[in-house]
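target34.pdb follows; it contains PDB, C-alpha atoms.
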```pdb
ATOM      1  CA  MET A 274      50.879 183.551 107.801
ATOM      2  CA  LYS A 275      53.704 184.206 105.383
ATOM      3  CA  HIS A 276      54.430 181.692 102.633
ATOM      4  CA  SER A 277      57.676 179.833 103.224
ATOM      5  CA  LYS A 278      59.360 176.694 101.981
ATOM      6  CA  LEU A 279      57.556 174.651 104.634
ATOM      7  CA  PHE A 280      53.840 174.030 104.889
ATOM      8  CA  TYR A 281      52.258 174.930 108.208
ATOM      9  CA  LEU A 282      49.166 172.953 109.105
ATOM     10  CA  THR A 283      46.545 173.021 111.825
ATOM     11  CA  PRO A 284      45.996 170.987 113.922
ATOM     12  CA  VAL A 285      47.069 167.370 113.860
ATOM     13  CA  VAL A 286      45.935 165.601 111.032
ATOM     14  CA  ALA A 287      44.451 163.490 108.586
ATOM     15  CA  SER A 288      43.084 160.218 109.897
ATOM     16  CA  MET A 289      42.294 156.858 108.371
ATOM     17  CA  MET A 290      40.140 154.344 110.205
ATOM     18  CA  LEU A 291      40.406 150.568 110.025
ATOM     19  CA  VAL A 292      37.562 148.494 111.469
ATOM     20  CA  ALA A 293      37.780 144.750 111.985
ATOM     21  CA  CYS A 294      35.250 142.125 113.004
ATOM     22  CA  GLY A 295      36.727 138.707 113.793
ATOM     23  CA  GLY A 296      35.772 135.199 114.851
ATOM     24  CA  SER A 297      37.508 132.937 117.371
ATOM     25  CA  ASP A 298      37.016 129.426 115.906
ATOM     26  CA  THR A 299      40.493 127.894 115.588
ATOM     27  CA  THR A 300      39.340 124.646 113.896
ATOM     28  CA  ASP A 301      38.223 126.254 110.646
ATOM     29  CA  PRO A 302      40.928 128.389 108.971
ATOM     30  CA  THR A 303      38.279 130.427 107.163
ATOM     31  CA  LYS A 304      36.961 131.585 110.522
ATOM     32  CA  ASN A 305      40.326 132.957 111.616
ATOM     33  CA  MET A 306      39.624 135.934 109.440
ATOM     34  CA  ALA A 307      38.601 139.514 110.076
ATOM     35  CA  LYS A 308      36.551 141.838 107.922
ATOM     36  CA  VAL A 309      38.362 145.141 107.656
ATOM     37  CA  SER A 310      37.242 148.526 106.429
ATOM     38  CA  PHE A 311      39.428 151.577 105.857
ATOM     39  CA  SER A 312      38.142 155.144 105.877
ATOM     40  CA  VAL A 313      39.861 158.517 105.605
ATOM     41  CA  SER A 314      39.382 161.675 107.683
ATOM     42  CA  ASP A 315      41.188 164.975 108.162
ATOM     43  CA  ALA A 316      41.379 168.103 110.313
ATOM     44  CA  PRO A 317      41.564 171.790 109.294
ATOM     45  CA  VAL A 318      44.818 172.927 107.698
ATOM     46  CA  ASP A 319      46.407 176.352 107.525
ATOM     47  CA  SER A 320      47.211 178.072 104.211
ATOM     48  CA  ALA A 321      45.593 175.348 102.082
ATOM     49  CA  GLN A 322      42.246 175.126 100.394
ATOM     50  CA  LYS A 323      42.687 171.492  99.304
ATOM     51  CA  VAL A 324      44.922 168.544 100.166
ATOM     52  CA  VAL A 325      44.113 165.874  97.585
ATOM     53  CA  ILE A 326      45.639 162.388  97.808
ATOM     54  CA  ALA A 327      45.025 159.428  95.485
ATOM     55  CA  PHE A 328      45.322 155.891  96.897
ATOM     56  CA  ASP A 329      45.383 152.784  94.691
ATOM     57  CA  GLN A 330      46.408 149.993  97.102
ATOM     58  CA  ILE A 331      46.781 149.131 100.767
ATOM     59  CA  GLU A 332      49.465 146.507 101.408
ATOM     60  CA  LEU A 333      49.591 144.463 104.626
ATOM     61  CA  VAL A 334      52.856 142.821 105.667
ATOM     62  CA  LYS A 335      52.810 139.801 107.990
ATOM     63  CA  SER A 336      55.915 137.804 108.954
ATOM     64  CA  GLY A 337      56.125 134.400 107.289
ATOM     65  CA  GLN A 338      53.232 135.069 104.897
ATOM     66  CA  ASP A 339      52.791 136.603 101.497
ATOM     67  CA  ASN A 340      51.876 140.273 101.583
ATOM     68  CA  ILE A 341      48.180 141.035 101.268
ATOM     69  CA  VAL A 342      47.356 143.704  98.692
ATOM     70  CA  LEU A 343      43.932 145.337  98.830
ATOM     71  CA  ASP A 344      43.007 147.297  95.705
ATOM     72  CA  VAL A 345      41.327 150.664  96.171
ATOM     73  CA  SER A 346      38.781 151.752  93.576
ATOM     74  CA  GLY A 347      36.889 154.944  92.872
ATOM     75  CA  PRO A 348      33.123 155.498  92.886
ATOM     76  CA  ASN A 349      32.941 155.358  89.079
ATOM     77  CA  GLY A 350      35.148 152.313  88.594
ATOM     78  CA  GLU A 351      38.504 154.127  88.667
ATOM     79  CA  SER A 352      41.520 152.043  89.662
ATOM     80  CA  TYR A 353      42.218 154.444  92.533
ATOM     81  CA  ARG A 354      40.369 156.600  95.063
ATOM     82  CA  GLN A 355      41.067 160.333  95.044
ATOM     83  CA  LEU A 356      40.023 162.326  98.089
ATOM     84  CA  ASP A 357      40.248 165.949  99.135
ATOM     85  CA  LEU A 358      41.061 165.493 102.819
ATOM     86  CA  MET A 359      39.691 168.957 103.526
ATOM     87  CA  GLN A 360      36.217 167.565 102.881
ATOM     88  CA  TYR A 361      36.522 164.937 105.636
ATOM     89  CA  GLN A 362      37.463 166.800 108.797
ATOM     90  CA  GLY A 363      37.038 165.910 112.442
ATOM     91  CA  THR A 364      34.764 162.894 112.807
ATOM     92  CA  ASP A 365      33.706 162.915 109.141
ATOM     93  CA  SER A 366      35.329 160.176 107.073
ATOM     94  CA  ALA A 367      35.334 158.585 103.623
ATOM     95  CA  MET A 368      35.509 154.805 103.238
ATOM     96  CA  ILE A 369      38.115 153.580 100.779
ATOM     97  CA  ILE A 370      37.907 149.804 101.446
ATOM     98  CA  THR A 371      34.891 148.047 102.923
ATOM     99  CA  ASP A 372      34.537 144.632 104.628
ATOM    100  CA  GLN A 373      37.623 142.928 103.223
ATOM    101  CA  PRO A 374      38.433 139.632 105.021
ATOM    102  CA  ILE A 375      42.043 139.206 106.178
ATOM    103  CA  PRO A 376      43.695 136.716 108.570
ATOM    104  CA  THR A 377      43.781 137.717 112.220
ATOM    105  CA  GLY A 378      47.071 138.262 114.034
ATOM    106  CA  THR A 379      49.891 140.779 114.214
ATOM    107  CA  TYR A 380      50.939 142.628 111.083
ATOM    108  CA  ASP A 381      54.416 144.096 110.781
ATOM    109  CA  ASN A 382      53.496 146.946 108.474
ATOM    110  CA  LEU A 383      50.663 148.724 106.705
ATOM    111  CA  ILE A 384      51.748 150.395 103.483
ATOM    112  CA  LEU A 385      49.662 152.982 101.665
ATOM    113  CA  HIS A 386      50.363 153.118  97.934
ATOM    114  CA  ILE A 387      50.010 156.699  96.738
ATOM    115  CA  LEU A 388      49.693 157.996  93.199
ATOM    116  CA  ASP A 389      51.664 161.236  93.019
ATOM    117  CA  GLU A 390      53.085 163.638  90.453
ATOM    118  CA  SER A 391      55.134 160.774  88.968
ATOM    119  CA  THR A 392      51.918 159.163  87.714
ATOM    120  CA  GLY A 393      49.898 162.296  87.027
ATOM    121  CA  SER A 394      49.976 165.858  88.300
ATOM    122  CA  ASP A 395      46.211 165.921  88.809
ATOM    123  CA  LEU A 396      46.083 162.847  91.089
ATOM    124  CA  SER A 397      47.686 164.112  94.320
ATOM    125  CA  TYR A 398      48.160 167.831  94.906
ATOM    126  CA  VAL A 399      47.766 170.766  97.273
ATOM    127  CA  VAL A 400      45.897 173.973  96.505
ATOM    128  CA  ASP A 401      47.332 176.899  98.436
ATOM    129  CA  ASP A 402      47.576 180.652  97.967
ATOM    130  CA  ASN A 403      49.864 180.085  94.962
ATOM    131  CA  GLY A 404      47.472 177.763  93.127
ATOM    132  CA  GLN A 405      47.590 174.011  92.527
ATOM    133  CA  ILE A 406      50.927 172.420  93.477
ATOM    134  CA  PRO A 407      51.748 168.722  92.789
ATOM    135  CA  LEU A 408      52.165 166.409  95.797
ATOM    136  CA  LYS A 409      54.918 163.773  95.742
ATOM    137  CA  GLN A 410      55.635 160.782  97.961
ATOM    138  CA  PRO A 411      59.221 159.868  96.931
ATOM    139  CA  SER A 412      58.758 156.086  97.130
ATOM    140  CA  GLN A 413      55.016 156.183  96.365
ATOM    141  CA  LYS A 414      54.680 153.999  99.470
ATOM    142  CA  LEU A 415      53.891 155.382 102.921
ATOM    143  CA  GLN A 416      54.931 152.805 105.533
ATOM    144  CA  LEU A 417      52.932 153.162 108.750
ATOM    145  CA  GLY A 418      54.186 150.336 110.964
ATOM    146  CA  GLY A 419      52.489 147.437 112.689
ATOM    147  CA  PHE A 420      49.041 146.683 114.116
ATOM    148  CA  THR A 421      47.123 143.665 115.415
ATOM    149  CA  VAL A 422      43.779 142.275 114.271
ATOM    150  CA  GLY A 423      42.187 140.215 117.048
ATOM    151  CA  GLN A 424      40.104 137.055 116.713
ATOM    152  CA  ASP A 425      36.960 137.728 118.681
ATOM    153  CA  SER A 426      36.298 141.454 118.882
ATOM    154  CA  VAL A 427      35.471 144.480 116.777
ATOM    155  CA  GLN A 428      38.537 146.664 116.388
ATOM    156  CA  SER A 429      39.212 150.029 114.828
ATOM    157  CA  PHE A 430      42.438 151.809 114.058
ATOM    158  CA  THR A 431      43.166 155.360 113.031
ATOM    159  CA  ILE A 432      46.030 156.263 110.741
ATOM    160  CA  GLU A 433      46.841 159.794 111.768
ATOM    161  CA  PHE A 434      48.767 162.199 109.583
ATOM    162  CA  ASP A 435      50.312 165.063 111.504
ATOM    163  CA  LEU A 436      50.600 167.088 108.327
ATOM    164  CA  ARG A 437      52.402 169.874 110.148
ATOM    165  CA  GLN A 438      55.285 167.393 110.439
ATOM    166  CA  SER A 439      54.872 165.311 107.303
ATOM    167  CA  LEU A 440      53.963 167.720 104.473
ATOM    168  CA  VAL A 441      56.817 169.901 103.244
ATOM    169  CA  GLU A 442      57.134 172.259 100.293
ATOM    170  CA  ASN A 443      60.380 171.788  98.397
ATOM    171  CA  SER A 444      62.934 174.584  98.090
ATOM    172  CA  ASN A 445      61.798 176.045  94.779
ATOM    173  CA  GLY A 446      58.083 175.844  95.500
ATOM    174  CA  ALA A 447      57.419 173.458  92.612
ATOM    175  CA  ARG A 448      55.779 170.726  94.691
ATOM    176  CA  TYR A 449      54.951 169.417  98.136
ATOM    177  CA  ASN A 450      56.580 166.281  99.521
ATOM    178  CA  LEU A 451      54.791 163.859 101.836
ATOM    179  CA  LYS A 452      57.136 162.094 104.250
ATOM    180  CA  PRO A 453      56.446 159.460 106.941
ATOM    181  CA  HIS A 454      57.509 161.509 109.965
ATOM    182  CA  GLY A 455      54.464 162.268 112.084
ATOM    183  CA  VAL A 456      52.250 159.534 110.597
ATOM    184  CA  LYS A 457      50.942 157.104 113.231
ATOM    185  CA  ILE A 458      48.618 154.111 113.375
ATOM    186  CA  LEU A 459      46.532 154.021 116.566
ATOM    187  CA  ASN A 460      44.117 151.570 118.156
ATOM    188  CA  ASN A 461      40.870 153.467 118.689
ATOM    189  CA  ALA A 462      40.134 151.406 121.789
ATOM    190  CA  ALA A 463      43.072 153.115 123.509
ATOM    191  CA  VAL A 464      42.698 156.759 122.456
ATOM    192  CA  ALA A 465      40.655 159.869 123.249
ATOM    193  CA  ALA A 466      40.358 163.437 121.994
ATOM    194  CA  VAL A 467      41.862 166.453 123.750
ATOM    195  CA  TYR A 468      40.434 169.900 123.031
ATOM    196  CA  GLY A 469      39.912 173.277 124.629
ATOM    197  CA  ASN A 470      39.517 177.034 124.457
ATOM    198  CA  VAL A 471      42.311 179.605 124.417
ATOM    199  CA  ASP A 472      41.789 183.141 125.737
ATOM    200  CA  ILE A 473      42.451 185.561 122.863
ATOM    201  CA  ASN A 474      44.292 187.848 125.290
ATOM    202  CA  LEU A 475      47.128 185.319 125.051
ATOM    203  CA  PHE A 476      47.449 185.726 121.280
ATOM    204  CA  GLY A 477      49.351 188.996 121.385
ATOM    205  CA  ALA A 478      51.271 188.338 124.599
ATOM    206  CA  ASN A 479      54.960 189.240 124.895
ATOM    207  CA  GLY A 480      55.049 191.048 121.567
ATOM    208  CA  CYS A 481      53.557 188.165 119.531
ATOM    209  CA  ASN A 482      51.597 188.892 116.388
ATOM    210  CA  ALA A 483      48.031 188.234 117.516
ATOM    211  CA  ASP A 484      46.999 186.874 114.107
ATOM    212  CA  THR A 485      49.662 184.190 113.644
ATOM    213  CA  GLY A 486      51.772 181.755 115.598
ATOM    214  CA  ASN A 487      49.132 180.566 118.088
ATOM    215  CA  PHE A 488      49.628 176.834 118.685
ATOM    216  CA  VAL A 489      49.232 174.191 121.358
ATOM    217  CA  TYR A 490      51.926 171.511 121.670
ATOM    218  CA  VAL A 491      51.503 168.179 123.438
ATOM    219  CA  TYR A 492      54.367 166.243 125.050
ATOM    220  CA  PRO A 493      54.369 162.753 126.598
ATOM    221  CA  GLY A 494      54.693 162.697 130.397
ATOM    222  CA  HIS A 495      54.270 164.809 133.522
ATOM    223  CA  SER A 496      56.772 166.818 135.615
ATOM    224  CA  LEU A 497      58.644 167.937 132.512
ATOM    225  CA  ASP A 498      61.304 170.654 132.529
ATOM    226  CA  SER A 499      59.471 173.433 130.685
ATOM    227  CA  SER A 500      62.766 174.918 129.495
ATOM    228  CA  LYS A 501      63.357 171.743 127.463
ATOM    229  CA  LEU A 502      60.100 171.720 125.484
ATOM    230  CA  ALA A 503      60.971 171.724 121.774
ATOM    231  CA  ASP A 504      59.127 172.872 118.688
ATOM    232  CA  ASN A 505      58.564 170.466 115.796
ATOM    233  CA  TYR A 506      61.618 168.874 114.178
ATOM    234  CA  ASP A 507      62.389 165.689 112.267
ATOM    235  CA  PRO A 508      65.201 163.720 113.952
ATOM    236  CA  ASP A 509      66.140 162.217 110.575
ATOM    237  CA  THR A 510      66.619 165.532 108.758
ATOM    238  CA  ASN A 511      67.295 168.128 111.462
ATOM    239  CA  THR A 512      70.661 169.861 111.094
ATOM    240  CA  ALA A 513      70.306 172.353 113.948
ATOM    241  CA  THR A 514      72.068 171.756 117.255
ATOM    242  CA  LEU A 515      69.688 170.235 119.798
ATOM    243  CA  PRO A 516      70.058 171.357 123.427
ATOM    244  CA  GLU A 517      70.810 168.552 125.854
ATOM    245  CA  GLY A 518      67.703 166.860 127.196
ATOM    246  CA  ILE A 519      65.366 168.433 124.644
ATOM    247  CA  ILE A 520      61.824 167.011 124.622
ATOM    248  CA  GLU A 521      60.252 166.411 121.203
ATOM    249  CA  PRO A 522      56.524 167.134 120.922
ATOM    250  CA  TYR A 523      54.134 164.294 120.163
ATOM    251  CA  ALA A 524      52.029 166.659 118.054
ATOM    252  CA  SER A 525      50.981 170.286 117.679
ATOM    253  CA  ALA A 526      47.675 171.938 116.812
ATOM    254  CA  GLY A 527      46.867 175.415 115.615
ATOM    255  CA  VAL A 528      44.449 177.622 117.516
ATOM    256  CA  THR A 529      41.543 178.875 115.419
ATOM    257  CA  TRP A 530      39.463 181.947 116.236
ATOM    258  CA  ASP A 531      36.088 182.766 114.748
ATOM    259  CA  SER A 532      34.528 185.249 117.159
ATOM    260  CA  GLY A 533      34.208 186.036 120.838
ATOM    261  CA  ASN A 534      36.939 186.010 123.454
ATOM    262  CA  TYR A 535      38.281 182.503 122.852
ATOM    263  CA  GLY A 536      39.946 180.478 120.146
ATOM    264  CA  SER A 537      39.925 176.692 120.080
ATOM    265  CA  TYR A 538      42.255 173.758 119.421
ATOM    266  CA  SER A 539      41.858 169.992 119.256
ATOM    267  CA  PHE A 540      43.804 166.742 119.005
ATOM    268  CA  GLY A 541      41.584 164.005 117.606
ATOM    269  CA  TYR A 542      43.434 160.895 118.738
ATOM    270  CA  LEU A 543      45.867 160.728 121.664
ATOM    271  CA  PRO A 544      46.826 157.319 123.078
ATOM    272  CA  THR A 545      46.101 156.539 126.714
ATOM    273  CA  GLY A 546      48.716 158.082 128.998
ATOM    274  CA  ASP A 547      49.989 161.203 130.733
ATOM    275  CA  TYR A 548      50.743 164.359 128.753
ATOM    276  CA  THR A 549      51.755 167.990 129.136
ATOM    277  CA  VAL A 550      50.011 170.516 126.881
ATOM    278  CA  ALA A 551      51.571 173.937 126.324
ATOM    279  CA  PHE A 552      50.394 177.050 124.474
ATOM    280  CA  THR A 553      52.676 179.422 122.629
ATOM    281  CA  CYS A 554      51.875 182.562 120.649
ATOM    282  CA  SER A 555      55.268 182.557 118.922
ATOM    283  CA  ALA A 556      55.218 179.456 116.678
ATOM    284  CA  GLU A 557      54.655 181.263 113.384
ATOM    285  CA  ASN A 558      58.029 180.164 112.025
ATOM    286  CA  ASP A 559      58.113 176.609 113.347
ATOM    287  CA  GLU A 560      59.704 174.716 110.446
ATOM    288  CA  PRO A 561      58.741 171.042 110.869
ATOM    289  CA  SER A 562      62.052 169.544 109.754
ATOM    290  CA  GLN A 563      64.322 171.763 111.870
ATOM    291  CA  TYR A 564      64.611 172.656 115.552
ATOM    292  CA  ASP A 565      63.999 176.420 115.740
ATOM    293  CA  GLY A 566      64.332 177.167 119.450
ATOM    294  CA  ILE A 567      60.809 178.595 119.723
ATOM    295  CA  VAL A 568      59.781 179.560 123.258
ATOM    296  CA  ILE A 569      57.234 177.043 124.575
ATOM    297  CA  PRO A 570      55.191 177.804 126.582
ATOM    298  CA  ASN A 571      54.724 181.487 125.875
ATOM    299  CA  PRO A 572      53.524 183.037 128.191
ATOM    300  CA  THR A 573      55.552 180.880 130.541
ATOM    301  CA  GLU A 574      52.674 179.819 132.813
ATOM    302  CA  GLN A 575      50.557 178.432 129.958
ATOM    303  CA  LEU A 576      51.063 174.708 130.375
ATOM    304  CA  HIS A 577      48.950 171.986 131.979
ATOM    305  CA  GLU A 578      49.303 168.317 132.864
ATOM    306  CA  ILE A 579      46.532 166.023 131.663
ATOM    307  CA  SER A 580      45.816 162.292 131.691
ATOM    308  CA  VAL A 581      44.124 160.570 128.773
ATOM    309  CA  VAL A 582      41.859 157.588 129.439
ATOM    310  CA  ALA A 583      40.549 155.577 126.501
ATOM    311  CA  GLY A 584      37.198 156.828 125.285
ATOM    312  CA  GLN A 585      37.054 159.788 127.676
ATOM    313  CA  ASP A 586      37.669 163.071 125.868
ATOM    314  CA  VAL A 587      39.587 165.725 127.820
ATOM    315  CA  GLN A 588      38.884 169.458 127.807
ATOM    316  CA  GLN A 589      41.823 171.639 128.802
ATOM    317  CA  ASP A 590      41.448 175.396 128.447
ATOM    318  CA  PHE A 591      44.142 178.072 128.450
ATOM    319  CA  ASN A 592      43.082 181.211 130.317
ATOM    320  CA  ALA A 593      44.946 184.494 130.681
ATOM    321  CA  VAL A 594      46.315 185.050 134.159
ATOM    322  CA  VAL A 595      44.647 188.043 135.779
ATOM    323  CA  ALA A 596      46.788 189.997 138.200
ATOM    324  CA  PRO A 597      45.280 190.189 141.705
ATOM    325  CA  THR A 598      43.607 193.456 142.661
ATOM    326  CA  THR A 599      45.595 195.506 145.179
ATOM    327  CA  ALA A 600      43.522 196.774 148.115
ATOM    328  CA  GLN A 601      43.402 200.556 148.327
TER
END
```

Rewritten as structure tokens:
Amino acid sequence: MKHSKLFYLTPVVASMMLVACGGSDTTDPTKNMAKVSFSVSDAPVDSAQKVVIAFDQIELVKSGQDNIVLDVSGPNGESYRQLDLMQYQGTDSAMIITDQPIPTGTYDNLILHILDESTGSDLSYVVDDNGQIPLKQPSQKLQLGGFTVGQDSVQSFTIEFDLRQSLVENSNGARYNLKPHGVKILNNAAVAAVYGNVDINLFGANGCNADTGNFVYVYPGHSLDSSKLADNYDPDTNTATLPEGIIEPYASAGVTWDSGNYGSYSFGYLPTGDYTVAFTCSAENDEPSQYDGIVIPNPTEQLHEISVVAGQDVQQDFNAVVAPTTAQ
């Protein structure tokens, strides 16, 4: 894939897991606590050998209470934890905070404090085809929104980075910026994985370059107008004109091919609900911040409706349509 000012990644994500174990005794305030653990995971990325991020604090915001700040430390006593997300893909993860007690209830925000190029160029960075490039989070705080820690059950949450939406190379190529668009916090009790195979005969369809641009997009809902399915864009920064009724994707995932007649794709964490998944071979130049008008699906028949039930992974394949044989 050609190098451009935007960083194309495959498929959805880096993930961070939060696990909580709580008690339900309301007479003893110390028992209205939950032990929480945070771990980090990732998925394969395109055009990058490393995506290294350094965390030094996790801040929890709860209405009417002082913010809770959990310090993150390294394995050798460092005041931060530095991880190459490429080393923790799929279901692999790295714990960054273990068994920290916090009050149960609803939290308004979870904020990741990130050490970036402002505090040291070797703390957070990306290694791509051009070498090591510093990674910057403009506020050094990534705000992920709210979540709830219950009183009497074990809970886990995944913080999912759709890096194809959130990681952008600046205009002169001097650094990458990490922005909040595409970062989600999900309750693992209400999610499942979606994955499948893609017939390689679809890769070069309709004049597409068979080696690049092969992606699967997922959209919330069924019975969608396929002519309204959009490529990735950031509503806060997009300057292109959006067609009326355009449907923004929930996420996108690149199709990888190793050998044989099929490639594969996967989404690690999709919340319970109905979705439409669509393949396109023409997403090579999908710039995450701007609407590009990419044809999705391409070929036009390559879309499917699926339903996600918590804990039940879904396999949805994309097969080339074979023309019927004409009787002689």

Excluding same-chain residues fewer than 3 positions from Leu417 in chain A, what lies within 8 Å of it counting only C-alpha atoms, as a PyMOL selection string?
chain A and resi 382-385+432+453+456-458

Let me see the file: selected residues, C-alpha atoms, as a CSV table (one decimal), in the coordinates of the input.
```csv
chain,number,residue,atom,x,y,z
A,382,ASN,CA,53.5,146.9,108.5
A,383,LEU,CA,50.7,148.7,106.7
A,384,ILE,CA,51.7,150.4,103.5
A,385,LEU,CA,49.7,153.0,101.7
A,432,ILE,CA,46.0,156.3,110.7
A,453,PRO,CA,56.4,159.5,106.9
A,456,VAL,CA,52.2,159.5,110.6
A,457,LYS,CA,50.9,157.1,113.2
A,458,ILE,CA,48.6,154.1,113.4
```

With all atoms listed in the file counted and 12 Å as the cut-off, give the residues of range 402-470 of chain A in contact with range 356-380 of chain A, each with its shortest interatomic distance in Å and the pair that gives it, as JSON lines.
```
{"residue": "A:Leu417", "atom": "CA", "partner": "A:Tyr380", "partner_atom": "CA", "distance": 11.0}
{"residue": "A:Gly418", "atom": "CA", "partner": "A:Tyr380", "partner_atom": "CA", "distance": 8.4}
{"residue": "A:Gly419", "atom": "CA", "partner": "A:Tyr380", "partner_atom": "CA", "distance": 5.3}
{"residue": "A:Phe420", "atom": "CA", "partner": "A:Tyr380", "partner_atom": "CA", "distance": 5.4}
{"residue": "A:Thr421", "atom": "CA", "partner": "A:Thr379", "partner_atom": "CA", "distance": 4.2}
{"residue": "A:Val422", "atom": "CA", "partner": "A:Thr377", "partner_atom": "CA", "distance": 5.0}
{"residue": "A:Gly423", "atom": "CA", "partner": "A:Thr377", "partner_atom": "CA", "distance": 5.7}
{"residue": "A:Gln424", "atom": "CA", "partner": "A:Thr377", "partner_atom": "CA", "distance": 5.8}
{"residue": "A:Asp425", "atom": "CA", "partner": "A:Thr377", "partner_atom": "CA", "distance": 9.4}
{"residue": "A:Ser426", "atom": "CA", "partner": "A:Thr377", "partner_atom": "CA", "distance": 10.7}
{"residue": "A:Val427", "atom": "CA", "partner": "A:Thr377", "partner_atom": "CA", "distance": 11.6}
{"residue": "A:Gln428", "atom": "CA", "partner": "A:Thr377", "partner_atom": "CA", "distance": 11.2}
{"residue": "A:Thr431", "atom": "CA", "partner": "A:Ser366", "partner_atom": "CA", "distance": 11.0}
{"residue": "A:Ile432", "atom": "CA", "partner": "A:Ser366", "partner_atom": "CA", "distance": 12.0}
{"residue": "A:Glu433", "atom": "CA", "partner": "A:Gly363", "partner_atom": "CA", "distance": 11.6}
{"residue": "A:Phe434", "atom": "CA", "partner": "A:Leu358", "partner_atom": "CA", "distance": 10.8}
{"residue": "A:Leu436", "atom": "CA", "partner": "A:Leu358", "partner_atom": "CA", "distance": 11.1}
{"residue": "A:Ile458", "atom": "CA", "partner": "A:Tyr380", "partner_atom": "CA", "distance": 11.9}
{"residue": "A:Ala466", "atom": "CA", "partner": "A:Gly363", "partner_atom": "CA", "distance": 10.4}
{"residue": "A:Tyr468", "atom": "CA", "partner": "A:Gly363", "partner_atom": "CA", "distance": 11.8}
```

Rank nothing, just name the residue among A:Val325, A:Ile520, A:Leu497, A:Val471 nearest to Gln589 in chain A, using only C-alpha atoms.
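Counting only C-alpha atoms, the residue closest to Gln589 in chain A is A:Val471.
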
Which one is closest to Ser580 in chain A: A:Leu451, A:Leu543, A:Ile519, A:Leu388? Count all atoms listed in the file.
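Result for the nearest residue to Ser580 in chain A: A:Leu543.
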
Residues returned when the PyMOL selection byres ((chain A and resi 536) around 9) runs on this file, as a PyMOL selection string:
chain A and resi 469-473+528-535+537-538

Using the chain letters and numbers from the file, which residues does the PyMOL selection byres ((chain A and resi 404) around 12) grab, as an NGL selection string?
:A and (320-324 or 398-403 or 405-407 or 446-448)

Point-to-point distance from CA of Tyr449 in chain A to CA of Arg437 in chain A, Å rounded to tenths:
12.3 Å

Enumerate, as a PyMOL selection string, the residues matched when the PyMOL selection byres ((chain A and resi 571) around 7) is run on the file above.
chain A and resi 552-554+568-570+572-573+575

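Nearest to Thr514 in chain A of all the residues A:Ala478, A:Asp565, A:Asp559, A:Ala483 is A:Asp565, based on all atoms listed in the file.
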
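Closest approach to Ser555 in chain A among A:Pro348, A:Pro522, A:Pro411, A:Gly480: A:Gly480, based on all atoms listed in the file.
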
Skip His386 in chain A itself and residues of its chain fewer than 6 positions away, then list as a PDB file with C-alpha atoms, in the frame of the given file all residues within 10 Å of it, counting only C-alpha atoms.
```pdb
ATOM      1  CA  ALA A 327      45.025 159.428  95.485  1.00  0.00           C
ATOM      2  CA  PHE A 328      45.322 155.891  96.897  1.00  0.00           C
ATOM      3  CA  ASP A 329      45.383 152.784  94.691  1.00  0.00           C
ATOM      4  CA  GLN A 330      46.408 149.993  97.102  1.00  0.00           C
ATOM      5  CA  ILE A 331      46.781 149.131 100.767  1.00  0.00           C
ATOM      6  CA  GLU A 332      49.465 146.507 101.408  1.00  0.00           C
ATOM      7  CA  VAL A 342      47.356 143.704  98.692  1.00  0.00           C
ATOM      8  CA  ASP A 344      43.007 147.297  95.705  1.00  0.00           C
ATOM      9  CA  VAL A 345      41.327 150.664  96.171  1.00  0.00           C
ATOM     10  CA  TYR A 353      42.218 154.444  92.533  1.00  0.00           C
ATOM     11  CA  GLN A 410      55.635 160.782  97.961  1.00  0.00           C
ATOM     12  CA  SER A 412      58.758 156.086  97.130  1.00  0.00           C
ATOM     13  CA  GLN A 413      55.016 156.183  96.365  1.00  0.00           C
ATOM     14  CA  LYS A 414      54.680 153.999  99.470  1.00  0.00           C
ATOM     15  CA  LEU A 415      53.891 155.382 102.921  1.00  0.00           C
ATOM     16  CA  GLN A 416      54.931 152.805 105.533  1.00  0.00           C
TER      17      GLN A 416
END
```

Would you list the residues near (56.0, 165.8, 137.3) (no more than 12 Å away, in the coordinates of the file, using all atoms listed in the file) as a VMD selection string?
chain A and resid 493 to 499 547 to 549 577 to 579

Have a look at CA of Tyr523 in chain A and CA of Glu442 in chain A and let me know their distance in Å, one decimal.
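Interatomic distance here is 21.6 Å.
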
Coordinates-based distance that separates CA of Ser439 in chain A from CA of Val467 in chain A (Å, one decimal)
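Spanning CA of Val467 in chain A to CA of Ser439 in chain A is a straight-line distance of 21.0 Å.
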
Residue with smallest distance to Gln338 in chain A - pool A:Ser310, A:Leu475, A:Ala593, A:Asp381, counting only C-alpha atoms
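Residue with the minimum atom-to-atom distance to Gln338 in chain A: A:Asp381.
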